[in-house]
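*Asks:* The structure is given below, and queries will be raised subsequently.
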Amino acid sequence: MFPLKLIVCVALVSIVAAGPCGQICAGNPSNKIRGCDNKGCGNYGARRISKDGTIRRHLGVDVVCNDGSTVYAPFTGTIERQVIPYKTNNAINNGIQLSGSGFCVKMLYIKPVKYRGQITKGNNIGVMLPMQRVYPGITSHVHIENCNKKDPTGNL
């Protein structure tokens, strides 16, 4: 009886720790968040220094994703619109805003299969853009940001 209780407990803890979002990027089933590299850190609240020298906080999390990898819908819902993260165009200047299942998030640095419409958790919604072309040496990643700017880490 003890081993069965232990297995059930471990399974429940694993489900809770994983969060409600599904796998975001092919090759990263645990939605590992980018650590620190030569361009900064990928956790929510990490320090960022703008080109003008001002300090700001990272209001999302960076989920590790190799350039060219398939990106999956983290939940069932709707792609609402395209999101353009930069004022100046570059090779990763694309993304989408999704809502559903009680969430609203922006997913940046992906080429989506569409800019509007229904999505199902786990289905292909796009491809990771070539981040190494823009930021050589950075850990390539999909940026995940809640629409309300709150920390999304617990949902991953």
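Starting from 1 in every chain, residues are counted up; chains themselves are A, B, ... following the order of the structure tokens, and ligands are numbered from 1 as listed.
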Find the residues around region 19-29 of chain A up to 10 Å (only C-alpha atoms counted), leave out those fewer than 2 positions away in its own chain, and share them as a PyMOL selection string.

*Replies:* chain A and resi 14-17+31-33+63-66+68-76+101+103+107+121-128+141-142+144+152-156

*Asks:* Considering only strand (DSSP E or B) as DSSP defines it on the backbone, what residues of chain A qualify? List them as a ChimeraX atom specification.

*Replies:* /A:25,28,33,36-37,40-41,47-49,55-57,61-64,70-72,77-82,95-100,103-108,110-112,117-119,124-128,141-146

*Asks:* With a distance cut-off of 10 Å and only C-alpha atoms, select the neighbouring residues of Ile79 (chain A), excluding the residue or stretch itself and same-chain residues fewer than 4 positions from it, and output the selection as a PyMOL selection string.

*Replies:* chain A and resi 73+96-100+104-106+112+114-119+125

*Asks:* Write to file, as a compact mmCIF listing (two decimals), in the first residue's frame, the residues of the selection just made, with C-alpha atoms.

*Replies:*
```
# COMPACT_ATOMS: atom_id res chain seq x y z
CA ALA A 73 -0.17 25.95 -28.51
CA ILE A 96 1.02 36.37 -31.61
CA GLN A 97 -1.41 37.04 -28.80
CA LEU A 98 -3.48 34.06 -27.63
CA SER A 99 -6.37 33.77 -25.19
CA GLY A 100 -8.41 30.95 -23.72
CA CYS A 104 -4.07 35.73 -22.27
CA VAL A 105 -0.44 35.58 -23.40
CA LYS A 106 1.90 36.97 -26.02
CA PRO A 112 2.86 31.56 -36.70
CA LYS A 114 -1.91 31.89 -38.81
CA TYR A 115 -2.68 35.23 -37.13
CA ARG A 116 -6.30 34.57 -36.15
CA GLY A 117 -8.39 31.56 -35.30
CA GLN A 118 -8.96 28.64 -32.98
CA ILE A 119 -6.10 26.59 -31.54
CA ILE A 125 1.11 27.04 -34.10
```

*Asks:* Would you list the contacts of Cys41 (chain A) as a count of residues only, taking every protein, DNA or RNA residue within 10 Å and counting only C-alpha atoms, but skipping same-chain residues closer than 4 positions in sequence?

*Replies:* 14

*Asks:* Give the answer as one residue: which of A:Arg81, A:Lys87, A:Arg57, A:Lys111 has the shortest atom-to-atom distance to Lys149 (chain A), using only C-alpha atoms?

*Replies:*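 Distance minimum relative to Lys149 (chain A) lands on A:Arg57.
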
*Asks:* Pull the alpha helix (DSSP H) assignments for chain A out of DSSP run on the backbone, and list those residues as a list in words.

*Replies:*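 Selection result, alpha helix (DSSP H) within chain A: Phe2, Pro3, Leu4, Lys5, Leu6, Ile7, Val8, Cys9, Val10, Ala11, Leu12, Val13, Ser14, Ile15, Val16, Ala17, Ala18, Met131, Gln132, Arg133 and Val134 of chain A.
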
*Asks:* Residues of the last selection are to be written out with N, CA, C and O atoms, as a PDB file, in the first residue's frame.

*Replies:*
```
ATOM      1  N   PHE A   2       1.949   1.259   0.774  1.00  0.00           N
ATOM      2  CA  PHE A   2       2.828   2.424   0.836  1.00  0.00           C
ATOM      3  C   PHE A   2       3.373   2.820  -0.537  1.00  0.00           C
ATOM      4  O   PHE A   2       3.296   3.996  -0.889  1.00  0.00           O
ATOM      5  N   PRO A   3       3.910   1.878  -1.344  1.00  0.00           N
ATOM      6  CA  PRO A   3       4.432   2.267  -2.654  1.00  0.00           C
ATOM      7  C   PRO A   3       3.363   2.900  -3.546  1.00  0.00           C
ATOM      8  O   PRO A   3       3.646   3.832  -4.279  1.00  0.00           O
ATOM      9  N   LEU A   4       2.127   2.427  -3.482  1.00  0.00           N
ATOM     10  CA  LEU A   4       1.053   2.987  -4.299  1.00  0.00           C
ATOM     11  C   LEU A   4       0.784   4.438  -3.900  1.00  0.00           C
ATOM     12  O   LEU A   4       0.641   5.312  -4.747  1.00  0.00           O
ATOM     13  N   LYS A   5       0.727   4.715  -2.582  1.00  0.00           N
ATOM     14  CA  LYS A   5       0.509   6.087  -2.105  1.00  0.00           C
ATOM     15  C   LYS A   5       1.645   6.988  -2.558  1.00  0.00           C
ATOM     16  O   LYS A   5       1.423   8.123  -2.958  1.00  0.00           O
ATOM     17  N   LEU A   6       2.865   6.488  -2.508  1.00  0.00           N
ATOM     18  CA  LEU A   6       4.021   7.274  -2.928  1.00  0.00           C
ATOM     19  C   LEU A   6       3.946   7.601  -4.402  1.00  0.00           C
ATOM     20  O   LEU A   6       4.170   8.739  -4.817  1.00  0.00           O
ATOM     21  N   ILE A   7       3.566   6.623  -5.228  1.00  0.00           N
ATOM     22  CA  ILE A   7       3.453   6.852  -6.675  1.00  0.00           C
ATOM     23  C   ILE A   7       2.379   7.890  -6.970  1.00  0.00           C
ATOM     24  O   ILE A   7       2.577   8.803  -7.759  1.00  0.00           O
ATOM     25  N   VAL A   8       1.224   7.779  -6.318  1.00  0.00           N
ATOM     26  CA  VAL A   8       0.142   8.742  -6.519  1.00  0.00           C
ATOM     27  C   VAL A   8       0.590  10.130  -6.088  1.00  0.00           C
ATOM     28  O   VAL A   8       0.362  11.114  -6.789  1.00  0.00           O
ATOM     29  N   CYS A   9       1.258  10.235  -4.948  1.00  0.00           N
ATOM     30  CA  CYS A   9       1.747  11.527  -4.459  1.00  0.00           C
ATOM     31  C   CYS A   9       2.741  12.147  -5.432  1.00  0.00           C
ATOM     32  O   CYS A   9       2.637  13.314  -5.768  1.00  0.00           O
ATOM     33  N   VAL A  10       3.688  11.361  -5.915  1.00  0.00           N
ATOM     34  CA  VAL A  10       4.688  11.861  -6.861  1.00  0.00           C
ATOM     35  C   VAL A  10       4.010  12.313  -8.149  1.00  0.00           C
ATOM     36  O   VAL A  10       4.336  13.356  -8.709  1.00  0.00           O
ATOM     37  N   ALA A  11       3.042  11.561  -8.624  1.00  0.00           N
ATOM     38  CA  ALA A  11       2.322  11.923  -9.850  1.00  0.00           C
ATOM     39  C   ALA A  11       1.596  13.253  -9.675  1.00  0.00           C
ATOM     40  O   ALA A  11       1.631  14.108 -10.551  1.00  0.00           O
ATOM     41  N   LEU A  12       0.933  13.438  -8.525  1.00  0.00           N
ATOM     42  CA  LEU A  12       0.220  14.691  -8.282  1.00  0.00           C
ATOM     43  C   LEU A  12       1.167  15.874  -8.189  1.00  0.00           C
ATOM     44  O   LEU A  12       0.904  16.935  -8.737  1.00  0.00           O
ATOM     45  N   VAL A  13       2.279  15.699  -7.501  1.00  0.00           N
ATOM     46  CA  VAL A  13       3.266  16.772  -7.399  1.00  0.00           C
ATOM     47  C   VAL A  13       3.805  17.116  -8.783  1.00  0.00           C
ATOM     48  O   VAL A  13       3.959  18.279  -9.130  1.00  0.00           O
ATOM     49  N   SER A  14       4.071  16.123  -9.616  1.00  0.00           N
ATOM     50  CA  SER A  14       4.579  16.369 -10.959  1.00  0.00           C
ATOM     51  C   SER A  14       3.582  17.156 -11.788  1.00  0.00           C
ATOM     52  O   SER A  14       3.945  18.065 -12.511  1.00  0.00           O
ATOM     53  N   ILE A  15       2.299  16.823 -11.672  1.00  0.00           N
ATOM     54  CA  ILE A  15       1.271  17.540 -12.429  1.00  0.00           C
ATOM     55  C   ILE A  15       1.186  18.981 -11.963  1.00  0.00           C
ATOM     56  O   ILE A  15       1.144  19.895 -12.767  1.00  0.00           O
ATOM     57  N   VAL A  16       1.189  19.214 -10.655  1.00  0.00           N
ATOM     58  CA  VAL A  16       1.103  20.562 -10.128  1.00  0.00           C
ATOM     59  C   VAL A  16       2.332  21.377 -10.505  1.00  0.00           C
ATOM     60  O   VAL A  16       2.229  22.516 -10.925  1.00  0.00           O
ATOM     61  N   ALA A  17       3.510  20.808 -10.413  1.00  0.00           N
ATOM     62  CA  ALA A  17       4.745  21.529 -10.712  1.00  0.00           C
ATOM     63  C   ALA A  17       4.841  21.896 -12.181  1.00  0.00           C
ATOM     64  O   ALA A  17       5.466  22.881 -12.538  1.00  0.00           O
ATOM     65  N   ALA A  18       4.229  21.093 -13.046  1.00  0.00           N
ATOM     66  CA  ALA A  18       4.337  21.333 -14.477  1.00  0.00           C
ATOM     67  C   ALA A  18       3.501  22.521 -14.923  1.00  0.00           C
ATOM     68  O   ALA A  18       3.771  23.107 -15.951  1.00  0.00           O
ATOM     69  N   MET A 131      16.794  33.432 -34.089  1.00  0.00           N
ATOM     70  CA  MET A 131      17.282  34.365 -33.072  1.00  0.00           C
ATOM     71  C   MET A 131      18.792  34.596 -33.159  1.00  0.00           C
ATOM     72  O   MET A 131      19.271  35.696 -32.885  1.00  0.00           O
ATOM     73  N   GLN A 132      19.546  33.561 -33.549  1.00  0.00           N
ATOM     74  CA  GLN A 132      21.007  33.701 -33.619  1.00  0.00           C
ATOM     75  C   GLN A 132      21.436  34.749 -34.645  1.00  0.00           C
ATOM     76  O   GLN A 132      22.508  35.339 -34.515  1.00  0.00           O
ATOM     77  N   ARG A 133      20.617  35.015 -35.645  1.00  0.00           N
ATOM     78  CA  ARG A 133      20.928  36.062 -36.629  1.00  0.00           C
ATOM     79  C   ARG A 133      20.893  37.443 -36.002  1.00  0.00           C
ATOM     80  O   ARG A 133      21.612  38.341 -36.416  1.00  0.00           O
ATOM     81  N   VAL A 134      20.036  37.621 -35.016  1.00  0.00           N
ATOM     82  CA  VAL A 134      19.845  38.926 -34.386  1.00  0.00           C
ATOM     83  C   VAL A 134      20.699  39.076 -33.132  1.00  0.00           C
ATOM     84  O   VAL A 134      21.285  40.125 -32.891  1.00  0.00           O
TER      85      VAL A 134
END
```

*Asks:* In terms of the shortest atom-to-atom distance over only C-alpha atoms, which of A:Val83, A:Ala91, A:Ile55, A:Cys147 is closest to Tyr135 (chain A)?

*Replies:*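 Going through A:Val83, A:Ala91, A:Ile55, A:Cys147 one by one, the smallest distance to Tyr135 (chain A) is for A:Ala91.
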